[in-house]
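S.K.: I'm passing along final-v1.txt; it holds compact mmCIF, C-alpha atoms.
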# COMPACT_ATOMS: atom_id res chain seq x y z
CA MET A 107 131.57 178.28 -145.43
CA ALA A 108 128.25 177.07 -144.14
CA LYS A 109 127.75 173.45 -143.22
CA LYS A 110 127.20 171.39 -146.37
CA ASN A 111 124.17 169.29 -147.07
CA PHE A 112 124.94 165.56 -147.10
CA GLN A 113 124.50 165.33 -150.90
CA THR A 114 126.91 168.23 -151.45
CA ALA A 115 129.38 166.70 -149.00
CA LEU A 116 129.36 163.49 -151.03
CA ILE A 117 130.71 165.51 -153.96
CA HIS A 118 132.87 168.09 -152.14
CA SER A 119 134.84 166.13 -149.57
CA ALA A 120 137.54 167.92 -147.64
CA TYR A 121 139.79 164.85 -147.52
CA GLN A 122 143.12 164.99 -149.38
CA ALA A 123 145.33 161.89 -149.52
CA PRO A 124 148.76 162.43 -147.92
CA GLU A 125 151.65 163.28 -150.21
CA GLY A 126 154.75 161.15 -150.60
CA PHE A 127 153.30 157.97 -152.11
CA ASP A 128 155.70 156.30 -154.52
CA ALA A 129 155.55 152.99 -156.40
CA PHE A 130 156.78 151.45 -159.64
CA PRO A 131 153.51 151.61 -161.60
CA VAL A 132 152.57 154.91 -163.19
CA GLY A 133 149.35 156.26 -161.71
CA ILE A 134 146.20 156.15 -163.84
CA HIS A 135 144.78 159.67 -164.07
CA HIS A 136 141.31 159.78 -165.63
CA ALA A 137 139.85 163.13 -166.62
CA SER A 138 137.62 164.95 -168.99
CA THR A 139 137.46 168.14 -166.92
CA VAL A 140 140.83 169.43 -165.69
CA LEU A 141 140.67 171.87 -162.76
CA PHE A 142 142.46 175.23 -162.51
CA LYS A 143 143.34 177.10 -159.31
CA ASN A 144 141.90 180.36 -160.64
CA VAL A 145 140.79 182.13 -163.81
CA ALA A 146 144.26 183.53 -164.45
CA ALA A 147 145.74 180.03 -164.41
CA MET A 148 143.04 178.84 -166.81
CA ARG A 149 143.72 181.67 -169.26
CA ALA A 150 147.48 181.22 -169.07
CA ARG A 151 147.39 177.52 -169.89
CA ASN A 152 148.13 176.48 -173.51
CA TRP A 153 146.90 173.07 -174.68
CA GLN A 154 149.89 172.78 -177.05
CA GLU A 155 152.40 173.03 -174.20
CA LYS A 156 152.89 169.93 -172.12
CA SER A 157 154.06 171.81 -169.08
CA GLY A 158 150.49 171.76 -167.75
CA TYR A 159 147.03 170.33 -168.30
CA THR A 160 143.97 171.86 -169.95
CA TYR A 161 141.47 169.13 -170.83
CA GLY A 162 141.41 165.37 -170.70
CA LEU A 163 141.51 165.05 -174.49
CA HIS A 164 144.93 166.71 -174.51
CA GLY A 165 146.39 164.41 -171.88
CA THR A 166 146.88 163.61 -168.23
CA PRO A 167 150.09 162.68 -166.34
CA THR A 168 149.51 159.08 -167.46
CA SER A 169 149.49 159.81 -171.19
CA PHE A 170 152.24 162.42 -170.92
CA THR A 171 154.44 159.75 -169.34
CA LEU A 172 153.81 157.22 -172.12
CA GLU A 173 154.43 159.85 -174.80
CA ALA A 174 157.73 160.81 -173.20
CA ARG A 175 158.88 157.19 -172.90
CA LEU A 176 157.98 156.35 -176.51
CA ALA A 177 159.84 159.43 -177.72
CA GLU A 178 162.88 158.36 -175.69
CA ILE A 179 162.86 154.88 -177.25
CA GLU A 180 162.98 156.35 -180.76
CA GLY A 181 165.32 159.22 -179.90
CA GLY A 182 162.59 161.75 -180.66
CA ARG A 183 161.39 164.92 -178.94
CA HIS A 184 157.62 164.77 -179.31
CA CYS A 185 154.97 162.05 -179.29
CA LEU A 186 151.22 162.08 -179.89
CA LEU A 187 148.92 159.18 -179.03
CA ALA A 188 146.01 158.07 -181.18
CA PRO A 189 143.23 155.47 -180.73
CA SER A 190 144.87 153.07 -183.24
CA GLY A 191 147.74 152.78 -185.68
CA LEU A 192 145.39 153.69 -188.53
CA ALA A 193 144.21 156.77 -186.63
CA ALA A 194 147.86 157.81 -186.28
CA ILE A 195 148.39 157.38 -190.04
CA THR A 196 145.25 159.40 -190.78
CA MET A 197 146.41 162.18 -188.47
CA VAL A 198 149.72 162.45 -190.35
CA ASP A 199 148.00 162.60 -193.74
CA LEU A 200 145.41 165.20 -192.71
CA ALA A 201 148.04 167.33 -190.96
CA LEU A 202 150.34 167.50 -193.98
CA LEU A 203 148.17 167.11 -197.08
CA LYS A 204 145.54 169.30 -198.70
CA SER A 205 143.63 169.28 -201.97
CA GLY A 206 146.06 169.40 -204.89
CA ASP A 207 148.91 167.74 -202.97
CA ASP A 208 150.53 164.40 -203.79
CA VAL A 209 151.56 161.52 -201.52
CA LEU A 210 153.74 158.54 -202.44
CA LEU A 211 153.17 155.16 -200.78
CA PRO A 212 155.05 151.87 -201.21
CA ASP A 213 153.18 149.15 -203.06
CA ASN A 214 153.57 146.92 -199.98
CA VAL A 215 152.04 149.49 -197.61
CA TYR A 216 149.74 148.38 -194.77
CA ASN A 217 146.50 147.74 -196.61
CA PRO A 218 144.30 150.15 -194.58
CA ASN A 219 146.87 152.85 -195.41
CA ARG A 220 146.38 151.99 -199.09
CA ASP A 221 142.61 152.26 -198.66
CA LEU A 222 143.10 155.61 -196.93
CA GLY A 223 145.25 156.85 -199.82
CA ASN A 224 142.61 155.79 -202.32
CA TRP A 225 139.93 157.58 -200.26
CA LEU A 226 142.00 160.78 -200.14
CA ALA A 227 142.41 160.60 -203.92
CA ARG A 228 138.74 159.92 -204.60
CA ASP A 229 137.09 162.37 -202.20
CA PHE A 230 139.68 164.97 -201.17
CA GLY A 231 141.59 165.83 -204.35
CA ILE A 232 144.90 164.46 -203.05
CA SER A 233 146.75 162.26 -205.52
CA ALA A 234 148.08 159.01 -204.02
CA ARG A 235 150.63 157.09 -206.07
CA TYR A 236 152.30 153.78 -205.31
CA TYR A 237 155.96 152.97 -205.86
CA ASP A 238 158.15 149.87 -205.93
CA PRO A 239 159.24 149.41 -202.30
CA LEU A 240 162.76 148.52 -203.46
CA ILE A 241 163.12 151.68 -205.56
CA GLY A 242 165.63 153.34 -203.22
CA ALA A 243 167.20 156.49 -204.67
CA GLY A 244 165.15 155.98 -207.83
CA ILE A 245 162.20 157.54 -206.03
CA ALA A 246 163.65 160.92 -207.01
CA ALA A 247 162.17 160.42 -210.49
CA LEU A 248 158.66 160.09 -208.99
CA ILE A 249 158.74 163.26 -206.88
CA GLN A 250 156.53 165.98 -208.38
CA PRO A 251 156.37 169.68 -207.50
CA ASN A 252 153.20 168.98 -205.49
CA THR A 253 154.57 165.93 -203.63
CA ARG A 254 154.44 166.69 -199.93
CA LEU A 255 154.85 163.33 -198.20
CA ILE A 256 156.43 159.93 -198.83
CA TRP A 257 155.33 156.98 -196.72
CA THR A 258 157.72 154.10 -196.10
CA GLU A 259 157.33 150.84 -194.24
CA ALA A 260 160.17 148.65 -193.01
CA PRO A 261 159.70 145.87 -193.82
CA GLY A 262 156.64 146.02 -196.04
CA SER A 263 153.34 144.66 -194.85
CA VAL A 264 152.82 140.92 -195.47
CA SER A 265 155.41 140.59 -198.29
CA MET A 266 158.26 141.78 -196.04
CA GLU A 267 160.48 143.69 -198.50
CA MET A 268 163.07 145.88 -196.75
CA PRO A 269 163.37 149.36 -198.32
CA ASP A 270 166.44 151.57 -198.51
CA ILE A 271 165.23 154.23 -196.10
CA PRO A 272 168.38 156.44 -196.20
CA ALA A 273 168.29 156.61 -200.01
CA ILE A 274 164.59 157.49 -200.05
CA CYS A 275 165.06 160.15 -197.36
CA GLN A 276 168.02 161.71 -199.16
CA ALA A 277 166.06 161.97 -202.41
CA ALA A 278 163.02 163.36 -200.61
CA HIS A 279 164.87 165.95 -198.56
CA ALA A 280 166.66 167.22 -201.66
CA ARG A 281 163.17 168.30 -202.83
CA ASN A 282 161.91 169.41 -199.38
CA VAL A 283 159.56 166.43 -199.12
CA LEU A 284 158.83 164.85 -195.73
CA VAL A 285 159.28 161.12 -195.09
CA ALA A 286 157.08 159.17 -192.68
CA ILE A 287 157.87 155.58 -191.71
CA ASP A 288 155.65 152.91 -190.26
CA ASN A 289 158.17 151.49 -187.80
CA THR A 290 155.75 149.15 -186.03
CA TRP A 291 157.66 146.00 -186.98
CA SER A 292 160.83 147.04 -185.16
CA ALA A 293 159.09 148.71 -182.19
CA GLY A 294 161.91 151.27 -182.33
CA LEU A 295 164.34 148.55 -181.19
CA ALA A 296 165.67 146.96 -184.38
CA LEU A 297 165.67 149.98 -186.70
CA ARG A 298 166.62 153.53 -185.73
CA ALA A 299 164.49 155.46 -188.19
CA PHE A 300 165.48 159.00 -187.22
CA ASP A 301 169.14 158.09 -187.65
CA LEU A 302 168.30 156.86 -191.17
CA GLY A 303 166.71 160.19 -192.06
CA ALA A 304 162.98 159.79 -191.35
CA ASP A 305 161.04 162.90 -190.30
CA ILE A 306 158.02 161.16 -188.76
CA ILE A 307 157.80 157.76 -187.07
CA MET A 308 154.46 156.00 -186.70
CA HIS A 309 153.77 153.01 -184.48
CA ALA A 310 150.80 150.77 -183.90
CA LEU A 311 151.28 150.35 -180.16
CA THR A 312 148.76 147.53 -180.49
CA LYS A 313 151.73 145.27 -181.30
CA TYR A 314 154.94 144.86 -179.24
CA GLN A 315 154.50 147.91 -177.02
CA SER A 316 151.29 146.39 -175.72
CA GLY A 317 152.25 142.74 -176.09
CA GLY A 318 148.92 141.52 -174.75
CA SER A 319 146.66 141.43 -177.82
CA ASP A 320 144.24 143.59 -175.84
CA VAL A 321 144.99 147.25 -176.69
CA LEU A 322 144.34 149.42 -179.74
CA MET A 323 146.59 152.49 -179.86
CA GLY A 324 148.92 154.38 -182.17
CA ALA A 325 151.69 156.92 -181.82
CA VAL A 326 153.39 159.54 -183.97
CA ILE A 327 156.89 160.65 -182.97
CA THR A 328 158.92 163.59 -184.29
CA ARG A 329 162.04 165.58 -183.55
CA ASP A 330 161.15 168.88 -185.23
CA ASP A 331 159.15 171.39 -183.16
CA ALA A 332 157.35 173.04 -186.08
CA LEU A 333 156.39 169.70 -187.59
CA ASN A 334 155.07 168.51 -184.24
CA GLN A 335 152.93 171.64 -183.97
CA ARG A 336 151.28 170.84 -187.33
CA LEU A 337 150.61 167.28 -186.21
CA GLN A 338 149.40 168.42 -182.80
CA THR A 339 146.90 170.79 -184.40
CA ALA A 340 145.47 167.97 -186.54
CA HIS A 341 145.43 165.72 -183.46
CA MET A 342 143.30 168.27 -181.60
CA ARG A 343 141.04 169.12 -184.56
CA LEU A 344 140.28 165.42 -185.09
CA GLY A 345 139.61 164.91 -181.38
CA LEU A 346 141.97 161.96 -181.10
CA GLY A 347 141.89 160.79 -177.50
CA VAL A 348 142.99 157.57 -175.80
CA GLY A 349 141.75 155.89 -172.62
CA MET A 350 144.06 156.10 -169.64
CA ASP A 351 143.45 152.47 -168.67
CA ASP A 352 144.79 151.45 -172.09
CA VAL A 353 147.71 153.86 -171.71
CA TYR A 354 148.52 152.18 -168.40
CA LEU A 355 148.52 148.74 -170.04
CA VAL A 356 151.13 149.90 -172.56
CA LEU A 357 153.22 151.53 -169.81
CA ARG A 358 153.01 148.29 -167.84
CA SER A 359 154.37 146.32 -170.81
CA LEU A 360 157.22 148.60 -171.87
CA PRO A 361 159.80 147.33 -169.33
CA THR A 362 159.64 143.81 -170.83
CA MET A 363 159.37 144.85 -174.49
CA GLN A 364 163.01 144.36 -175.46
CA MET A 365 163.18 140.91 -173.88
CA ARG A 366 159.91 139.87 -175.51
CA PHE A 367 161.05 141.23 -178.87
CA ALA A 368 164.28 139.23 -178.68
CA ALA A 369 162.35 136.07 -177.78
CA HIS A 370 159.92 136.55 -180.70
CA ASP A 371 162.87 137.20 -183.02
CA ALA A 372 164.83 134.09 -181.99
CA ALA A 373 161.79 131.82 -182.20
CA ALA A 374 160.69 133.18 -185.59
CA ARG A 375 164.13 132.55 -187.10
CA GLN A 376 164.03 128.95 -185.90
CA VAL A 377 160.57 128.31 -187.30
CA ALA A 378 161.39 130.09 -190.56
CA ALA A 379 164.59 128.08 -190.98
CA TRP A 380 162.64 124.84 -190.49
CA LEU A 381 160.02 125.90 -193.04
CA LYS A 382 162.73 126.82 -195.52
CA GLN A 383 163.73 123.13 -195.66
CA ARG A 384 160.21 121.92 -196.36
CA PRO A 385 159.35 120.86 -199.93
CA GLU A 386 155.90 122.43 -199.62
CA ILE A 387 157.43 125.90 -199.28
CA SER A 388 158.95 127.68 -202.26
CA LEU A 389 159.96 130.92 -200.54
CA VAL A 390 160.48 132.24 -197.00
CA LEU A 391 160.00 136.01 -196.73
CA HIS A 392 161.89 136.98 -193.58
CA PRO A 393 164.26 140.01 -193.70
CA ALA A 394 167.03 138.07 -191.95
CA PHE A 395 167.02 135.41 -194.70
CA PRO A 396 168.92 135.95 -197.98
CA ASP A 397 165.91 135.14 -200.17
CA CYS A 398 163.89 138.05 -198.81
CA PRO A 399 164.00 141.14 -201.07
CA GLY A 400 166.06 143.84 -199.38
CA HIS A 401 167.92 141.40 -197.12
CA GLU A 402 171.17 143.31 -197.63
CA ILE A 403 169.43 146.50 -196.49
CA TRP A 404 168.24 144.71 -193.36
CA GLN A 405 171.84 143.64 -192.68
CA ARG A 406 173.05 147.22 -193.03
CA ASP A 407 170.30 149.08 -191.16
CA CYS A 408 168.84 146.72 -188.54
CA ASN A 409 170.15 145.06 -185.39
CA GLY A 410 167.40 142.48 -185.08
CA ALA A 411 164.16 141.21 -186.51
CA ALA A 412 160.69 140.53 -185.16
CA GLY A 413 158.40 137.53 -184.82
CA LEU A 414 156.71 138.12 -188.17
CA PHE A 415 157.39 136.50 -191.54
CA SER A 416 155.58 135.05 -194.54
CA VAL A 417 156.01 131.98 -196.70
CA VAL A 418 154.94 131.23 -200.26
CA PHE A 419 153.68 127.71 -200.85
CA ASP A 420 154.76 125.76 -203.90
CA GLU A 421 152.40 126.62 -206.74
CA ARG A 422 151.20 123.04 -206.96
CA TYR A 423 149.12 123.69 -203.84
CA SER A 424 145.71 125.28 -204.34
CA GLU A 425 144.08 127.89 -202.14
CA GLU A 426 141.75 125.19 -200.87
CA GLN A 427 144.74 123.16 -199.71
CA THR A 428 146.54 126.06 -198.03
CA ASP A 429 143.30 127.09 -196.33
CA ARG A 430 143.04 123.51 -195.04
CA PHE A 431 146.59 123.84 -193.73
CA VAL A 432 145.71 127.01 -191.80
CA ASP A 433 142.46 125.53 -190.50
CA SER A 434 144.33 122.43 -189.28
CA LEU A 435 146.77 124.35 -187.09
CA GLN A 436 146.04 123.98 -183.39
CA LEU A 437 148.48 126.28 -181.59
CA PHE A 438 148.44 128.93 -184.31
CA LYS A 439 145.18 130.85 -184.25
CA ILE A 440 143.64 132.68 -187.20
CA GLY A 441 143.51 136.42 -186.65
CA TYR A 442 144.91 139.79 -187.69
CA SER A 443 147.48 141.86 -185.83
CA TRP A 444 150.50 140.40 -184.03
CA GLY A 445 153.00 141.07 -181.26
CA GLY A 446 151.26 139.15 -178.49
CA ALA A 447 152.20 135.93 -176.74
CA ASN A 448 150.00 133.77 -179.00
CA SER A 449 151.11 132.60 -182.43
CA LEU A 450 148.94 133.51 -185.41
CA CYS A 451 148.64 132.43 -189.04
CA VAL A 452 146.74 134.18 -191.85
CA PRO A 453 146.56 133.37 -195.59
CA TYR A 454 146.53 136.34 -197.98
CA ARG A 455 145.33 136.81 -201.53
CA ILE A 456 148.43 138.86 -202.16
CA GLN A 457 147.88 139.27 -205.90
CA GLY A 458 144.91 141.54 -205.19
CA MET A 459 146.91 143.60 -202.69
CA ARG A 460 149.84 144.53 -204.94
CA GLN A 461 150.16 146.17 -208.33
CA ASN A 462 153.15 144.13 -209.45
CA TRP A 463 153.24 140.91 -207.45
CA GLN A 464 155.13 138.26 -209.44
CA GLY A 465 154.78 135.28 -207.11
CA LYS A 466 152.87 132.16 -208.17
CA GLY A 467 151.99 130.33 -204.96
CA ILE A 468 149.72 131.13 -202.00
CA LEU A 469 151.22 133.47 -199.38
CA VAL A 470 150.69 132.71 -195.69
CA ARG A 471 151.90 134.98 -192.88
CA PHE A 472 153.06 133.68 -189.51
CA ASN A 473 153.33 135.57 -186.25
CA ILE A 474 155.51 133.57 -183.88
CA GLY A 475 154.46 134.04 -180.27
CA LEU A 476 156.12 132.94 -177.05
CA GLU A 477 155.17 129.25 -177.09
CA ASP A 478 157.82 126.54 -177.14
CA VAL A 479 159.42 126.49 -180.61
CA GLN A 480 159.39 122.71 -180.98
CA ASP A 481 155.69 122.63 -180.16
CA LEU A 482 155.05 125.22 -182.87
CA ILE A 483 157.08 123.27 -185.42
CA ALA A 484 155.23 120.08 -184.54
CA ASP A 485 151.94 121.89 -185.03
CA ILE A 486 152.98 123.12 -188.50
CA GLU A 487 154.21 119.65 -189.41
CA GLN A 488 150.91 117.97 -188.57
CA ALA A 489 148.99 120.65 -190.51
CA LEU A 490 151.22 120.15 -193.54
CA ALA A 491 150.43 116.43 -193.40
CA VAL A 492 146.70 117.18 -193.35
CA MET A 493 147.10 119.53 -196.31
Output the file's structure as structure tokens, nothing else.
M.R.:
Amino acid sequence: MAKKNFQTALIHSAYQAPEGFDAFPVGIHHASTVLFKNVAAMRARNWQEKSGYTYGLHGTPTSFTLEARLAEIEGGRHCLLAPSGLAAITMVDLALLKSGDDVLLPDNVYNPNRDLGNWLARDFGISARYYDPLIGAGIAALIQPNTRLIWTEAPGSVSMEMPDIPAICQAAHARNVLVAIDNTWSAGLALRAFDLGADIIMHALTKYQSGGSDVLMGAVITRDDALNQRLQTAHMRLGLGVGMDDVYLVLRSLPTMQMRFAAHDAAARQVAAWLKQRPEISLVLHPAFPDCPGHEIWQRDCNGAAGLFSVVFDERYSEEQTDRFVDSLQLFKIGYSWGGANSLCVPYRIQGMRQNWQGKGILVRFNIGLEDVQDLIADIEQALAVM
């Protein structure tokens, strides 16, 4: 080859770093274009097989590693990454549902999932119906010939009911209906969803897998090869890619996830137990507490809890007063999401989020972070006094 012009040499350097480098962190491989040794190699490569690389959208060694590790945590075979938890939910729906199909969702489903279901019903000819999250085996009566998918969430978003996943799965599989579970709350640690019968597990990796309140990402995990191929096709058609720097942040956090989860769990139970004794609180909605709907299911199916729970204030307190309580907190910040080191508190107008909510008081959700528990309790106590 002739001597290269300086500008060309800037792009086509002959240097190759020596082999043999090894370290604990997973390398960050950025790519849009993936290079092939020759045309035959390019033509032989299949984007659906993860034995090689075809294009950055379909993954690099960095994302392949995270997918494999997340699948291992859940006891699955396949994992697909998405830009957010909601993107992962959307991918599942669009992979498995078409016009004329029916999907069942729990009444306590993650609210953006509810909005998505309503959108599918309004604009795509897919019926979306909502069921009592504590229905268990009774869901069999709701399954129609065109029902293709049942969503579950354990526990339910905000109101924290724990569903009977095995009973729902048994009823669904008897009619050849797939069951997807939003298993974000347990991070795959406290609830083994595949063992309970779920076909698809969805996670918002934004929460405990990240742990830093700085990443948006979702994942869909399966065991069945044919089902994964359907999901993978939708993943590609929708162009769902993730940034490798974000993938690295999740990989960096995974080794400490179980210890962080246990710390969140222990602290949340202490704070919830203290709140349960307060006269201002009429109900504590934490799956590990007997008053929480589905508590006995949690005892049977789970080996831990998370840092998330809700309380219902005594009905004598107005929304103005409970808003003042939240505004008066100093260590607890106001913001959505959870799973990071910082504690959060959000009031909800739960009556407008549920079809059959029977509670009377104002519902407030707490995310217990990694601060000192006594400091958090003192903060709640001073805010209650202000209220």
S.K.: Would you compute the distance between atom CA of A:Gln315 and atom CA of A:Leu360? Give it in Å to one decimal.
M.R.: 5.9 Å
S.K.: Considering only C-alpha atoms, state which residue in the set A:Pro167, A:Gly467, A:Pro399, A:Gly317 is at the smallest distance from A:Glu386.
M.R.: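 Once distances to A:Glu386 are computed over only C-alpha atoms, the minimum belongs to A:Gly467.
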S.K.: Can you tell me which residues surround stretch 168-174 of chain A at a distance of at most 12 Å, considering only C-alpha atoms, apart from same-chain residues fewer than 4 positions away, and format the answer as a ChimeraX atom specification?
M.R.: /A:131-137,155-159,162-164,178-188,309,311,315-316,323-328,347-361
S.K.: So how many Å separate atom CA of A:Phe130 and atom CA of A:Met363, to one decimal?
M.R.: 16.5 Å
S.K.: Which residue out of A:Ala150, A:Ala368, A:Leu116, A:Val377 has the minimum interatomic distance to A:Gly445 when only C-alpha atoms are used?
M.R.: A:Ala368
S.K.: Which neighbours of stretch 205-218 of chain A fall inside 10 Å, counting all atoms listed in the file, when residues of the same chain fewer than 3 positions from it are skipped, and could you give them as number ranges by chain?
M.R.: A: 191-192, 195, 199, 202, 221-224, 226-227, 229-241, 245, 248-267, 269, 283-286, 288, 456, 459-463
S.K.: So that I can check the surroundings of A:Ile468, please list as a PDB file with C-alpha atoms, keeping the file's coordinate frame every protein, DNA and RNA residue that reaches within 8 Å of it, counting only C-alpha atoms and ignoring chain neighbours fewer than 2 positions away.
M.R.:
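Done, and the output landed in part_37.pdb:
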ATOM      1  CA  VAL A 418     154.940 131.230-200.260  1.00  0.00           C
ATOM      2  CA  PHE A 419     153.680 127.710-200.850  1.00  0.00           C
ATOM      3  CA  ASP A 420     154.760 125.760-203.900  1.00  0.00           C
ATOM      4  CA  GLU A 421     152.400 126.620-206.740  1.00  0.00           C
ATOM      5  CA  TYR A 423     149.120 123.690-203.840  1.00  0.00           C
ATOM      6  CA  SER A 424     145.710 125.280-204.340  1.00  0.00           C
ATOM      7  CA  GLU A 425     144.080 127.890-202.140  1.00  0.00           C
ATOM      8  CA  THR A 428     146.540 126.060-198.030  1.00  0.00           C
ATOM      9  CA  PRO A 453     146.560 133.370-195.590  1.00  0.00           C
ATOM     10  CA  TYR A 454     146.530 136.340-197.980  1.00  0.00           C
ATOM     11  CA  ARG A 455     145.330 136.810-201.530  1.00  0.00           C
ATOM     12  CA  ILE A 456     148.430 138.860-202.160  1.00  0.00           C
ATOM     13  CA  LYS A 466     152.870 132.160-208.170  1.00  0.00           C
ATOM     14  CA  VAL A 470     150.690 132.710-195.690  1.00  0.00           C
TER      15      VAL A 470
END
S.K.: Give me stretch 418-434 of chain A with N, CA and C atoms filled in, as a PDB file, in the frame of the given file.
M.R.:
ATOM      1  N   VAL A 418     155.692 131.472-199.037  1.00  0.00           N
ATOM      2  CA  VAL A 418     154.940 131.230-200.260  1.00  0.00           C
ATOM      3  C   VAL A 418     154.958 129.728-200.505  1.00  0.00           C
ATOM      4  N   PHE A 419     153.778 129.135-200.599  1.00  0.00           N
ATOM      5  CA  PHE A 419     153.680 127.710-200.850  1.00  0.00           C
ATOM      6  C   PHE A 419     154.003 127.401-202.311  1.00  0.00           C
ATOM      7  N   ASP A 420     154.516 126.220-202.529  1.00  0.00           N
ATOM      8  CA  ASP A 420     154.760 125.760-203.900  1.00  0.00           C
ATOM      9  C   ASP A 420     153.472 125.898-204.702  1.00  0.00           C
ATOM     10  N   GLU A 421     153.601 126.319-205.950  1.00  0.00           N
ATOM     11  CA  GLU A 421     152.400 126.620-206.740  1.00  0.00           C
ATOM     12  C   GLU A 421     151.545 125.402-207.047  1.00  0.00           C
ATOM     13  N   ARG A 422     152.050 124.213-206.744  1.00  0.00           N
ATOM     14  CA  ARG A 422     151.200 123.040-206.960  1.00  0.00           C
ATOM     15  C   ARG A 422     150.070 122.941-205.937  1.00  0.00           C
ATOM     16  N   TYR A 423     150.161 123.727-204.864  1.00  0.00           N
ATOM     17  CA  TYR A 423     149.120 123.690-203.840  1.00  0.00           C
ATOM     18  C   TYR A 423     148.074 124.760-204.117  1.00  0.00           C
ATOM     19  N   SER A 424     146.826 124.366-204.077  1.00  0.00           N
ATOM     20  CA  SER A 424     145.710 125.280-204.340  1.00  0.00           C
ATOM     21  C   SER A 424     145.381 126.089-203.100  1.00  0.00           C
ATOM     22  N   GLU A 425     144.549 127.117-203.279  1.00  0.00           N
ATOM     23  CA  GLU A 425     144.080 127.890-202.140  1.00  0.00           C
ATOM     24  C   GLU A 425     143.278 127.022-201.180  1.00  0.00           C
ATOM     25  N   GLU A 426     142.512 126.106-201.718  1.00  0.00           N
ATOM     26  CA  GLU A 426     141.750 125.190-200.870  1.00  0.00           C
ATOM     27  C   GLU A 426     142.674 124.382-199.969  1.00  0.00           C
ATOM     28  N   GLN A 427     143.799 123.953-200.509  1.00  0.00           N
ATOM     29  CA  GLN A 427     144.740 123.160-199.710  1.00  0.00           C
ATOM     30  C   GLN A 427     145.429 124.013-198.649  1.00  0.00           C
ATOM     31  N   THR A 428     145.862 125.213-199.022  1.00  0.00           N
ATOM     32  CA  THR A 428     146.540 126.060-198.030  1.00  0.00           C
ATOM     33  C   THR A 428     145.567 126.543-196.959  1.00  0.00           C
ATOM     34  N   ASP A 429     144.306 126.754-197.349  1.00  0.00           N
ATOM     35  CA  ASP A 429     143.300 127.090-196.330  1.00  0.00           C
ATOM     36  C   ASP A 429     143.114 125.916-195.368  1.00  0.00           C
ATOM     37  N   ARG A 430     143.152 124.686-195.897  1.00  0.00           N
ATOM     38  CA  ARG A 430     143.040 123.510-195.040  1.00  0.00           C
ATOM     39  C   ARG A 430     144.233 123.430-194.088  1.00  0.00           C
ATOM     40  N   PHE A 431     145.405 123.798-194.589  1.00  0.00           N
ATOM     41  CA  PHE A 431     146.590 123.840-193.730  1.00  0.00           C
ATOM     42  C   PHE A 431     146.366 124.795-192.558  1.00  0.00           C
ATOM     43  N   VAL A 432     145.916 126.009-192.849  1.00  0.00           N
ATOM     44  CA  VAL A 432     145.710 127.010-191.800  1.00  0.00           C
ATOM     45  C   VAL A 432     144.631 126.542-190.825  1.00  0.00           C
ATOM     46  N   ASP A 433     143.555 126.005-191.355  1.00  0.00           N
ATOM     47  CA  ASP A 433     142.460 125.530-190.500  1.00  0.00           C
ATOM     48  C   ASP A 433     142.893 124.374-189.594  1.00  0.00           C
ATOM     49  N   SER A 434     143.902 123.613-190.025  1.00  0.00           N
ATOM     50  CA  SER A 434     144.330 122.430-189.280  1.00  0.00           C
ATOM     51  C   SER A 434     145.327 122.751-188.167  1.00  0.00           C
TER      52      SER A 434
END
